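**Q** Quick one: the structure is below, and I'll ask about it shortly.
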Amino acid sequence: MLRPSTSTPRRGRGPLWRDPAIRALVVQIALFVGLAVVIGFLIHNTLANLEARGIRTGFDFLGERAGFSIPQTLIDYSSEDSYGRTFVIGLLNTLLVSALGVIAATIIGFAVGIARLSPNWLLAKLAAVYVEVFRNIPLLVQILFWYFAVLRSLPSPRQSLSLFEAFYFNVRGLVMPAPQPLEGFAATPWTLLVAIAAAVALGIFARKRQAATGKALPVYWLGAAIIIGLPLIAFVVTGMPLEWSMPEMAGFNFRGGVNVMPELMALWLALSVYTAAFIAEIVRSGIQSVPHGQTEAARSLSLPGGIALRKIVIPQAMRVIVPQLTSQYLNLIKNSSLATAIGYPDIVAVFAGTTLNQTGQAIEIIAMTMAVYLVISLTVSLLMNIYNARTLLKER
C-alpha cells in the first residue's frame, strides 16, 4: 500500500538578487569601481593641471645632483651625490632614531609601570609623578627643552665634561671612541648571526622538550652564553681585528672618534621619555588585569616576587599590553617627524624639506615620504600582530 510522502518539496533557488552573498559581492565590486574612477579622475586632473602650468612630473629628479650637505649620515654621502641618495640618508636617520626610541621607551616604560605597583610608597609615588608630568607636556615642548635648555647649555668643546677620558659631552654633542674594523673582522658579525639562530633553535627545542617531558632547560642562560660566547671566540681566534679611534682635542674641536650630534640626542630623549609615560600606564593596566588569585597561588608555592612577576604575571599581562603597545610604537615612529623643529636630518627635513625646496617635485616627494611612514607602520604592526598571536590563550 502506497503512503503519501511527508517530505517538504524543494524550492527553487530564486532570483540571484535575493542571495545575500551575491548582493554583497555586487556592492563590493561597485564600490571598488567607483573608488578606482575617483582616483583615476584625481590623477588625470592633477597631471593636466601640472602640464598646463609647465610643471614637470616623474621621478627623474632622483638621479640629479643634490648639491647640499647633510650633518649626519650612516652611509657615505657628499654634495655630489643624487637626490635619491638623500632619500636613503633621511630614511636611515628616521629608522635610527625610531629604533633607539622604541628600545629606550620600552625599557623605561616597563620599569616605571612596574614601579607604580610597588609596595614601596616612595617608589610608587615617584613613578606616578613621572607619568603625570611627562604624559601631559606636549612632545614638541619636551624636544625643545632637551635641545635648548639641556644640551645647548653644555660647555664648549675645550671645556667638555669628560667620562673616563674617552667620552666627552659638550655643546656639539657626545664624542666617544669609534671602532675601526680590520681585515678578518667580518667573521665576528657572521658568527653573531649564527649564534642568534642557534639560540632561537635552542629555545624551540627546549619548549618542545618541556612539553614532552616536563623538564626545563636554562634557556636564557644558555642562549646568552651562545650569543656572547661564539662571537667572542671568533673574535679572539681571528686575532681581535678591531682598533679604536680615540677622540683627541685638536684646535677648537675633537679629532677622531665619533660625534653623536645633539639633535639626535635631544630627539631620542624626548621620544623615549614621552612615550615611556604612556607605556608605563599600559604595563600597569596589563598587570592589574591579571586575576589576583594568580599571585596568591604563586605565594602559596613560595615563589619569590621577582620570579612570580616574570614567569606568571607578565606573560598573562602581555595579552593586554601588546595591542596597546603597538599603537605607542607607531605613534613614536610618526612623532619622529618633529625632528624638523631642531634640525635633525630625518626624511622629513632632508627629503620632504630641502630636496622638495630645490626640485619643486612636491607630489612625488610627499607621496614617497607618506609611503615610507605607511610601510614602516604596516611592518611594525605585522611584527607585533605576529607576536600578539603567540601570546593569546590557546583554546582546547
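By order in the C-alpha cells, chains are A, B, ...; within a chain, residues start at 1; ligands start at 1, following the order shown.
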Quick one: everything within 6 Å of Ser82 in chain A, counting only C-alpha atoms, minus sequence neighbours fewer than 3 positions away in the same chain. Send it as a list of chain:residue names.

**A** A:Gly63, A:Glu64, A:Arg65, A:Ala66, A:Arg85

**Q** Please list as number ranges by chain every residue within 7 Å of Trp146 in chain A, counting only C-alpha atoms and excluding residues in the same chain fewer than 4 positions away.

**A** A: 142, 150-151, 266, 270

**Q** Looking at A:Thr57, A:Tyr83, A:Glu248, A:Ser302, which one is nearest to Ile43 in chain A, with distances taken over only C-alpha atoms?

**A** A:Thr57

**Q** Going by DSSP on the backbone, which residues of range 220-325 of chain A come out as helix (DSSP H, G or I)? List them as an MDAnalysis selection string.

**A** chainID A and resid 220:237 262:289 292:300 305:325

**Q** Would you put the residues from that selection into a file with C-alpha atoms, as a compact mmCIF listing (two decimals), in the first residue's frame?

**A**
```txt
# COMPACT_ATOMS: atom_id res chain seq x y z
CA TYR A 220 68.07 32.28 28.96
CA TRP A 221 71.48 31.47 30.40
CA LEU A 222 72.36 29.03 27.62
CA GLY A 223 71.12 31.45 24.94
CA ALA A 224 73.11 34.32 26.43
CA ALA A 225 76.22 32.13 26.59
CA ILE A 226 75.81 31.16 22.93
CA ILE A 227 75.13 34.69 21.68
CA ILE A 228 78.05 36.17 23.63
CA GLY A 229 80.45 33.25 23.63
CA LEU A 230 80.51 32.23 19.96
CA PRO A 231 81.22 35.73 18.55
CA LEU A 232 83.80 36.28 21.30
CA ILE A 233 85.58 33.05 20.38
CA ALA A 234 85.53 34.03 16.69
CA PHE A 235 86.84 37.49 17.59
CA VAL A 236 89.75 36.04 19.58
CA VAL A 237 90.56 33.30 17.04
CA PRO A 262 72.88 66.99 19.98
CA GLU A 263 69.83 66.97 17.69
CA LEU A 264 69.80 63.17 17.72
CA MET A 265 70.27 63.03 21.48
CA ALA A 266 67.50 65.56 22.17
CA LEU A 267 65.02 63.85 19.85
CA TRP A 268 65.86 60.42 21.25
CA LEU A 269 65.47 61.56 24.86
CA ALA A 270 62.19 63.35 24.20
CA LEU A 271 60.62 60.50 22.23
CA SER A 272 61.75 57.90 24.77
CA VAL A 273 60.69 59.78 27.91
CA TYR A 274 57.35 60.91 26.45
CA THR A 275 56.32 57.54 25.01
CA ALA A 276 57.55 55.68 28.11
CA ALA A 277 54.97 57.55 30.21
CA PHE A 278 52.16 56.05 28.12
CA ILE A 279 53.78 52.62 28.04
CA ALA A 280 54.04 52.70 31.84
CA GLU A 281 50.28 53.09 32.14
CA ILE A 282 49.73 50.29 29.63
CA VAL A 283 52.00 47.99 31.64
CA ARG A 284 50.29 48.94 34.90
CA SER A 285 46.82 48.23 33.50
CA GLY A 286 48.03 44.97 31.95
CA ILE A 287 49.44 43.74 35.25
CA GLN A 288 46.29 44.74 37.13
CA SER A 289 44.18 42.81 34.59
CA HIS A 292 44.82 38.39 41.91
CA GLY A 293 44.44 34.69 42.51
CA GLN A 294 47.41 34.08 40.23
CA THR A 295 49.78 35.99 42.53
CA GLU A 296 48.24 34.34 45.60
CA ALA A 297 48.83 30.93 44.04
CA ALA A 298 52.46 31.90 43.39
CA ARG A 299 52.88 32.97 47.01
CA SER A 300 51.33 29.72 48.20
CA GLY A 305 58.10 38.03 43.90
CA GLY A 306 60.51 38.57 41.01
CA ILE A 307 60.01 35.06 39.63
CA ALA A 308 56.24 35.28 40.04
CA LEU A 309 56.20 38.58 38.18
CA ARG A 310 58.45 37.32 35.37
CA LYS A 311 57.01 33.82 34.98
CA ILE A 312 53.33 34.24 35.87
CA VAL A 313 52.08 37.83 35.86
CA ILE A 314 53.91 39.43 32.92
CA PRO A 315 53.23 36.57 30.43
CA GLN A 316 49.49 36.83 31.15
CA ALA A 317 49.54 40.63 31.13
CA MET A 318 51.16 40.70 27.69
CA ARG A 319 47.82 39.75 26.13
CA VAL A 320 46.53 43.15 27.26
CA ILE A 321 49.78 45.06 26.83
CA VAL A 322 50.81 44.13 23.28
CA PRO A 323 47.90 45.63 21.27
CA GLN A 324 48.21 48.99 23.06
CA LEU A 325 52.00 48.81 22.91
```

**Q** May I ask which of the residues A:Ile89, A:Ala115, A:Leu192, A:Val260 is the closest one to Val348 in chain A, counting only C-alpha atoms?

**A**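 Nearest to Val348 in chain A: A:Ile89.
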
**Q** Name the residues in contact with Ala206 in chain A at a cut-off of 8 Å, using only C-alpha atoms, excluding same-chain residues fewer than 6 positions from it; report them as a ChimeraX atom specification.

**A** /A:216-217,219

**Q** For Leu140 in chain A, find every residue with an atom within 10 Å (counting only C-alpha atoms), except residues of its own chain fewer than 2 positions away, and show them as a PyMOL selection string.

**A** chain A and resi 137-138+142-145+267+270-271+335+338-339+341-342

**Q** Neighbours of Gly67 in chain A within 8 Å (only C-alpha atoms; same-chain residues fewer than 6 positions away dropped), as a list in words?

**A**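 Here the answer would be Ser79, Glu80 and Asp81 of chain A.
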
**Q** Env of Gly239 in chain A: 10 Å cut, atoms = only C-alpha atoms, seq-sep filter 5 positions within chain, self excluded. Answer as a ChimeraX atom specification.

**A** /A:182-185,234

**Q** For the residues in the current selection, export N, CA and C atoms as a JSON list (two decimals), in the first residue's frame.

**A**
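Wrote it out as selection32.json, contents follow:
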```
[["chain", "number", "residue", "atom", "x", "y", "z"],
["A", 182, "LEU", "N", 89.28, 45.80, 11.26],
["A", 182, "LEU", "CA", 90.43, 45.45, 10.44],
["A", 182, "LEU", "C", 90.09, 44.22, 9.61],
["A", 183, "GLU", "N", 91.05, 43.78, 8.81],
["A", 183, "GLU", "CA", 90.83, 42.60, 7.98],
["A", 183, "GLU", "C", 90.58, 41.36, 8.84],
["A", 184, "GLY", "N", 89.54, 40.65, 8.52],
["A", 184, "GLY", "CA", 89.17, 39.46, 9.27],
["A", 184, "GLY", "C", 88.06, 39.69, 10.28],
["A", 185, "PHE", "N", 87.65, 40.94, 10.47],
["A", 185, "PHE", "CA", 86.61, 41.22, 11.46],
["A", 185, "PHE", "C", 85.24, 40.73, 11.00],
["A", 234, "ALA", "N", 85.13, 33.69, 18.06],
["A", 234, "ALA", "CA", 85.53, 34.03, 16.69],
["A", 234, "ALA", "C", 86.39, 35.28, 16.67]]
```

**Q** Could you give me, as a list in words, the residues within 12 Å of range 124-129 of chain A, counting only C-alpha atoms and dropping anything in the same chain fewer than 3 positions from it?

**A**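 Selected residues are Ile108, Gly109, Phe110, Ala111, Val112, Gly113, Ile114, Ala115, Arg116, Leu117, Ser118, Pro119, Asn120, Trp121, Glu132, Val133, Phe134, Arg135, Asn136, Ala276, Ala277, Phe278, Ala280, Glu281 and Arg284 of chain A.
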